[in-house]
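*Asks:* The structure follows.
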Amino acid sequence: MKEKILEVKNLEVSFKTYAGISHAVRGIDFNLHKGETLAIVGESGCGKTVSSKAIMRLLPESNTIIGENSEVLFHGEDLLKKSENEMVSIRGSKISMIFQDPMTSLNPTMKIGDQIAESILIHRQISKEEAYKEALEMLQLVKIPNAEKRMKQYPFEFSGGMRQRAMIAIALACKPEILIADEPTTALDVTIQAQIMELIGELQKELDMAMILVTHDLGVVASVADKIQVMYAGKIVERGDVREIFYQSTHPYTRALLDSV
C-alpha cells in the first residue's frame, strides 16, 4: 500500500449569510495515497468545490465557519491549524489547484511566461533566468506548440484549451505532491476535454503525484480515477473503486448520476 499523504476527518464547512447559517459540507472523511487519483463526483452546489477550497484554505475567513472537530492532515500535520504564512509556502509547492475557469484564474495583465515563473520564484530560491528556463520547460511539458513565442503572449491570445494547459503548467511548476483539479474541463469542447484529461494523467504518472479530481461528470472519471466518492447535499453518500461505482452502485443518487451520462 502506498503512503497516505492526506487525511480529511469530519470536515464541516458553513457560511454566514443574510438568511442565517448555510451548511455546505456536513462532516466528510476521506484519505488520499501517494500517486492515487480520487474523484469527487456530484451535481453543482453539493459541496465539492467548497471541500477542495477548504483543504487549500482558500475560503474567505470573514464568513466561513469550519467545524471545531474538523481536521485536514497533510503528512500528519493539520492544515486547518496553520498560519496564513505557512499555508502560502504549502500552496503551489506541496498542494496545487487547477480552477474551473482558466480565463478568470489567469492574470490578464501578465504574460504567460511571467505567471509561470512567478509561481516558481515564490517557492524556490533560484534566479529569474533559471525560473524562466523552467517555465519554458513546463510549457513544453504541457504540449503548447511554439512555447518560446507563447511565453511572451497574454492570456487573451490563447484559446480555451491553451489557457487550461497554461493553468496546468502553473499548478505543476513546483512539482506538487497533490493536485486538486476542480472541473478542469468544464469550459472546453469534448475533444479538448479528452486531451486535457490525458495530459493530466501523463503528468501525474511522470511526477508520481496524487490527484483529487472534482467533477459533475462520471464519464470523465471512468478512465482516470482509482477511487470515486459521490457527494450529495454536503455529504458523501457512496464510495468505491470505479468498478463498484459503475456496476454495483446501491445509492439512488449515484444511479441517477450514471443514468444522466
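Chain labels follow the order of the C-alpha cells: the first chain is A, the next B, and so on; residue numbering restarts at 1 in every chain, and ligands are counted from 1 in their shown order.
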Give me every alpha helix (DSSP H) residue in region 181-216 of chain A, going by DSSP on the backbone, as a list in words.

*Replies:*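 So the alpha helix (DSSP H) residues in region 181-216 of chain A would be Val190, Thr191, Ile192, Gln193, Ala194, Gln195, Ile196, Met197, Glu198, Leu199, Ile200, Gly201, Glu202, Leu203, Gln204, Lys205, Glu206 and Leu207 of chain A.
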
*Asks:* Per residue of region 212-251 of chain A within 9 Å of region 181-200 of chain A, record the nearest atom pair and its distance in Å to one decimal, counting only C-alpha atoms, with rows in chain order and ascending residue number, as JSON lines.

*Replies:*
```
{"residue": "A:Ile212", "atom": "CA", "partner": "A:Ala181", "partner_atom": "CA", "distance": 6.2}
{"residue": "A:Leu213", "atom": "CA", "partner": "A:Ala181", "partner_atom": "CA", "distance": 4.9}
{"residue": "A:Val214", "atom": "CA", "partner": "A:Asp182", "partner_atom": "CA", "distance": 4.7}
{"residue": "A:Thr215", "atom": "CA", "partner": "A:Glu183", "partner_atom": "CA", "distance": 4.9}
{"residue": "A:His216", "atom": "CA", "partner": "A:Glu183", "partner_atom": "CA", "distance": 7.6}
{"residue": "A:Asp217", "atom": "CA", "partner": "A:Glu183", "partner_atom": "CA", "distance": 8.8}
{"residue": "A:Val220", "atom": "CA", "partner": "A:Met197", "partner_atom": "CA", "distance": 7.9}
{"residue": "A:Val224", "atom": "CA", "partner": "A:Met197", "partner_atom": "CA", "distance": 7.9}
```

*Asks:* List as a PyMOL selection string the protein and nucleic acid residues near region 130-134 of chain A, meaning an atom at most 9 Å away when only C-alpha atoms are counted, but skip any in the same chain fewer than 4 places from it.

*Replies:* chain A and resi 113-114+116-121+124+126+138-139+151+173

*Asks:* Those residues with C-alpha atoms, as an mmCIF file, in the first residue's frame please?

*Replies:*
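To be explicit, this is the file written out as result-v1.cif:
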```cif
data_model
loop_
_atom_site.group_PDB
_atom_site.id
_atom_site.type_symbol
_atom_site.label_atom_id
_atom_site.label_comp_id
_atom_site.auth_asym_id
_atom_site.auth_seq_id
_atom_site.Cartn_x
_atom_site.Cartn_y
_atom_site.Cartn_z
ATOM 1 C CA GLY A 113 5.761 33.109 -19.063
ATOM 2 C CA ASP A 114 5.829 35.681 -16.237
ATOM 3 C CA ILE A 116 4.584 30.538 -14.525
ATOM 4 C CA ALA A 117 7.975 31.959 -13.499
ATOM 5 C CA GLU A 118 6.328 33.896 -10.636
ATOM 6 C CA SER A 119 4.880 30.702 -9.133
ATOM 7 C CA ILE A 120 8.373 29.126 -9.237
ATOM 8 C CA LEU A 121 10.114 32.181 -7.730
ATOM 9 C CA ARG A 124 12.213 28.398 -4.647
ATOM 10 C CA ILE A 126 16.556 30.430 -7.782
ATOM 11 C CA MET A 138 6.723 23.496 -18.233
ATOM 12 C CA LEU A 139 5.000 24.987 -21.312
ATOM 13 C CA MET A 151 5.830 32.663 -23.193
ATOM 14 C CA ALA A 173 5.605 24.232 -11.906
#
```

*Asks:* Neighbours of Leu218 (chain A) within 8 Å (only C-alpha atoms; same-chain residues fewer than 4 positions away dropped), as number ranges by chain?

*Replies:* A: 41, 222, 257-258, 261

*Asks:* Please provide as a list in words all residues within 10 Å of Gln115 (chain A), with the sequence filter that same-chain residues fewer than 5 positions apart are discarded (counting only C-alpha atoms).

*Replies:*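 That gives Leu106, Asn107, Thr109, Met110, Ile120, Tyr132, Ala135, Met151, Tyr154, Ala166, Met167, Ala169 and Ile170 of chain A.
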
*Asks:* May I have the residues from that selection written out with C-alpha atoms, as a compact mmCIF listing (two decimals), in the first residue's frame?

*Replies:*
```txt
# COMPACT_ATOMS: atom_id res chain seq x y z
CA LEU A 106 -5.05 33.74 -15.14
CA ASN A 107 -3.93 37.34 -14.68
CA THR A 109 -2.29 41.85 -17.47
CA MET A 110 0.70 39.46 -17.21
CA ILE A 120 8.37 29.13 -9.24
CA TYR A 132 12.14 31.40 -16.93
CA ALA A 135 8.72 27.99 -17.12
CA MET A 151 5.83 32.66 -23.19
CA TYR A 154 -1.04 37.31 -22.82
CA ALA A 166 -1.13 27.16 -19.13
CA MET A 167 -3.06 26.79 -15.84
CA ALA A 169 1.77 24.43 -16.20
CA ILE A 170 1.45 26.97 -13.36
```

*Asks:* Using backbone DSSP assignments, extract all strand (DSSP E or B) residues from region 18-173 of chain A; output them as number ranges by chain.

*Replies:* A: 20-33, 37-41, 64-66, 71-74, 77-78, 91, 95-98

*Asks:* Quick one: pull the distance between CA of Gly47 (chain A) and CA of Val88 (chain A), Å, one decimal.

*Replies:*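 Atom-to-atom, CA of Gly47 (chain A) to CA of Val88 (chain A), that is 23.7 Å.
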
*Asks:* Would you mind listing what lies within 12 Å of Glu244 (chain A) as a PDB file with C-alpha atoms, in the first residue's frame, with only C-alpha atoms counted and same-chain residues fewer than 2 positions away left out?

*Replies:*
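Listing of selection25.pdb after writing:
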```pdb
ATOM      1  CA  ALA A 222     -14.172   6.411 -15.723  1.00  0.00           C
ATOM      2  CA  ASP A 226      -8.694   4.862  -8.763  1.00  0.00           C
ATOM      3  CA  LYS A 227     -11.421   5.661  -6.229  1.00  0.00           C
ATOM      4  CA  ILE A 228     -14.686   7.561  -6.578  1.00  0.00           C
ATOM      5  CA  GLN A 229     -16.813   9.174  -3.924  1.00  0.00           C
ATOM      6  CA  VAL A 230     -20.231  10.536  -4.698  1.00  0.00           C
ATOM      7  CA  GLU A 238     -21.327   6.398  -1.680  1.00  0.00           C
ATOM      8  CA  ARG A 239     -17.700   5.486  -2.277  1.00  0.00           C
ATOM      9  CA  GLY A 240     -15.784   2.708  -4.001  1.00  0.00           C
ATOM     10  CA  ASP A 241     -13.462   1.921  -6.872  1.00  0.00           C
ATOM     11  CA  VAL A 242     -14.515   2.571 -10.486  1.00  0.00           C
ATOM     12  CA  PHE A 246     -20.236   1.951 -12.201  1.00  0.00           C
ATOM     13  CA  TYR A 247     -21.550  -1.602 -11.869  1.00  0.00           C
ATOM     14  CA  GLN A 248     -22.565  -2.218  -8.251  1.00  0.00           C
ATOM     15  CA  SER A 249     -23.770   1.169  -7.002  1.00  0.00           C
ATOM     16  CA  THR A 250     -26.568   1.000  -4.438  1.00  0.00           C
ATOM     17  CA  HIS A 251     -27.428   4.631  -3.734  1.00  0.00           C
ATOM     18  CA  THR A 254     -25.399   7.512  -7.842  1.00  0.00           C
ATOM     19  CA  ARG A 255     -27.772   5.614 -10.128  1.00  0.00           C
TER      20      ARG A 255
END
```

*Asks:* Could you check how far CA of Asn31 (chain A) sits from CA of Ile5 (chain A), in Å to one decimal?

*Replies:* 7.8 Å

*Asks:* Figure out the distance between CA of Leu6 (chain A) and CA of Leu73 (chain A), please, to one decimal in Å.

*Replies:*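 Spanning CA of Leu73 (chain A) to CA of Leu6 (chain A) is a straight-line distance of 5.6 Å.
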
*Asks:* Neighbours of Lys34 (chain A) within 8 Å (only C-alpha atoms; same-chain residues fewer than 3 positions away dropped), as a list in words?

*Replies:*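 Final neighbour list, sorted by chain and number: Lys2, Glu3, Lys4, Ile5, Glu177, Asp208, Met209 and Ala210 of chain A.
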
*Asks:* If you keep N, CA, C and O atoms, can you produce a file of those selected residues as a PDB file, in the first residue's frame?

*Replies:*
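Below is the file again-v1.pdb, written as the result:
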```pdb
ATOM      1  N   LYS A   2       0.557   2.202  -0.862  1.00  0.00           N
ATOM      2  CA  LYS A   2       1.359   3.425  -0.922  1.00  0.00           C
ATOM      3  C   LYS A   2       1.107   4.294   0.310  1.00  0.00           C
ATOM      4  O   LYS A   2       0.087   4.169   0.977  1.00  0.00           O
ATOM      5  N   GLU A   3       2.039   5.202   0.549  1.00  0.00           N
ATOM      6  CA  GLU A   3       1.983   6.085   1.718  1.00  0.00           C
ATOM      7  C   GLU A   3       0.750   6.996   1.663  1.00  0.00           C
ATOM      8  O   GLU A   3       0.401   7.548   0.631  1.00  0.00           O
ATOM      9  N   LYS A   4       0.099   7.118   2.830  1.00  0.00           N
ATOM     10  CA  LYS A   4      -1.066   8.015   2.944  1.00  0.00           C
ATOM     11  C   LYS A   4      -0.553   9.436   3.157  1.00  0.00           C
ATOM     12  O   LYS A   4       0.182   9.684   4.113  1.00  0.00           O
ATOM     13  N   ILE A   5      -0.926  10.350   2.236  1.00  0.00           N
ATOM     14  CA  ILE A   5      -0.381  11.708   2.381  1.00  0.00           C
ATOM     15  C   ILE A   5      -1.421  12.730   2.847  1.00  0.00           C
ATOM     16  O   ILE A   5      -1.078  13.767   3.372  1.00  0.00           O
ATOM     17  N   GLU A 177       2.962  17.508  -4.497  1.00  0.00           N
ATOM     18  CA  GLU A 177       2.630  16.112  -4.153  1.00  0.00           C
ATOM     19  C   GLU A 177       1.156  15.824  -4.461  1.00  0.00           C
ATOM     20  O   GLU A 177       0.789  14.695  -4.736  1.00  0.00           O
ATOM     21  N   ASP A 208       4.683  11.310 -10.230  1.00  0.00           N
ATOM     22  CA  ASP A 208       4.194  10.453  -9.128  1.00  0.00           C
ATOM     23  C   ASP A 208       3.374  11.285  -8.131  1.00  0.00           C
ATOM     24  O   ASP A 208       3.638  11.319  -6.933  1.00  0.00           O
ATOM     25  N   MET A 209       2.366  11.945  -8.668  1.00  0.00           N
ATOM     26  CA  MET A 209       1.582  12.919  -7.907  1.00  0.00           C
ATOM     27  C   MET A 209       0.200  12.332  -7.602  1.00  0.00           C
ATOM     28  O   MET A 209      -0.349  11.592  -8.413  1.00  0.00           O
ATOM     29  N   ALA A 210      -0.328  12.657  -6.438  1.00  0.00           N
ATOM     30  CA  ALA A 210      -1.705  12.260  -6.125  1.00  0.00           C
ATOM     31  C   ALA A 210      -2.644  13.332  -6.659  1.00  0.00           C
ATOM     32  O   ALA A 210      -2.258  14.500  -6.780  1.00  0.00           O
TER      33      ALA A 210
END
```

*Asks:* With distances taken over only C-alpha atoms, which residue among A:Asp29, A:Pro176, A:Ala24, A:Met231 lies nearest Ser89 (chain A)?

*Replies:* A:Pro176

*Asks:* When distances are computed from only C-alpha atoms, which of A:Ala256, A:Met1, A:Ile112, A:Val142 shows the smallest separation from Phe156 (chain A)?

*Replies:*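 With only C-alpha atoms as the atom set, the closest residue is A:Ile112.
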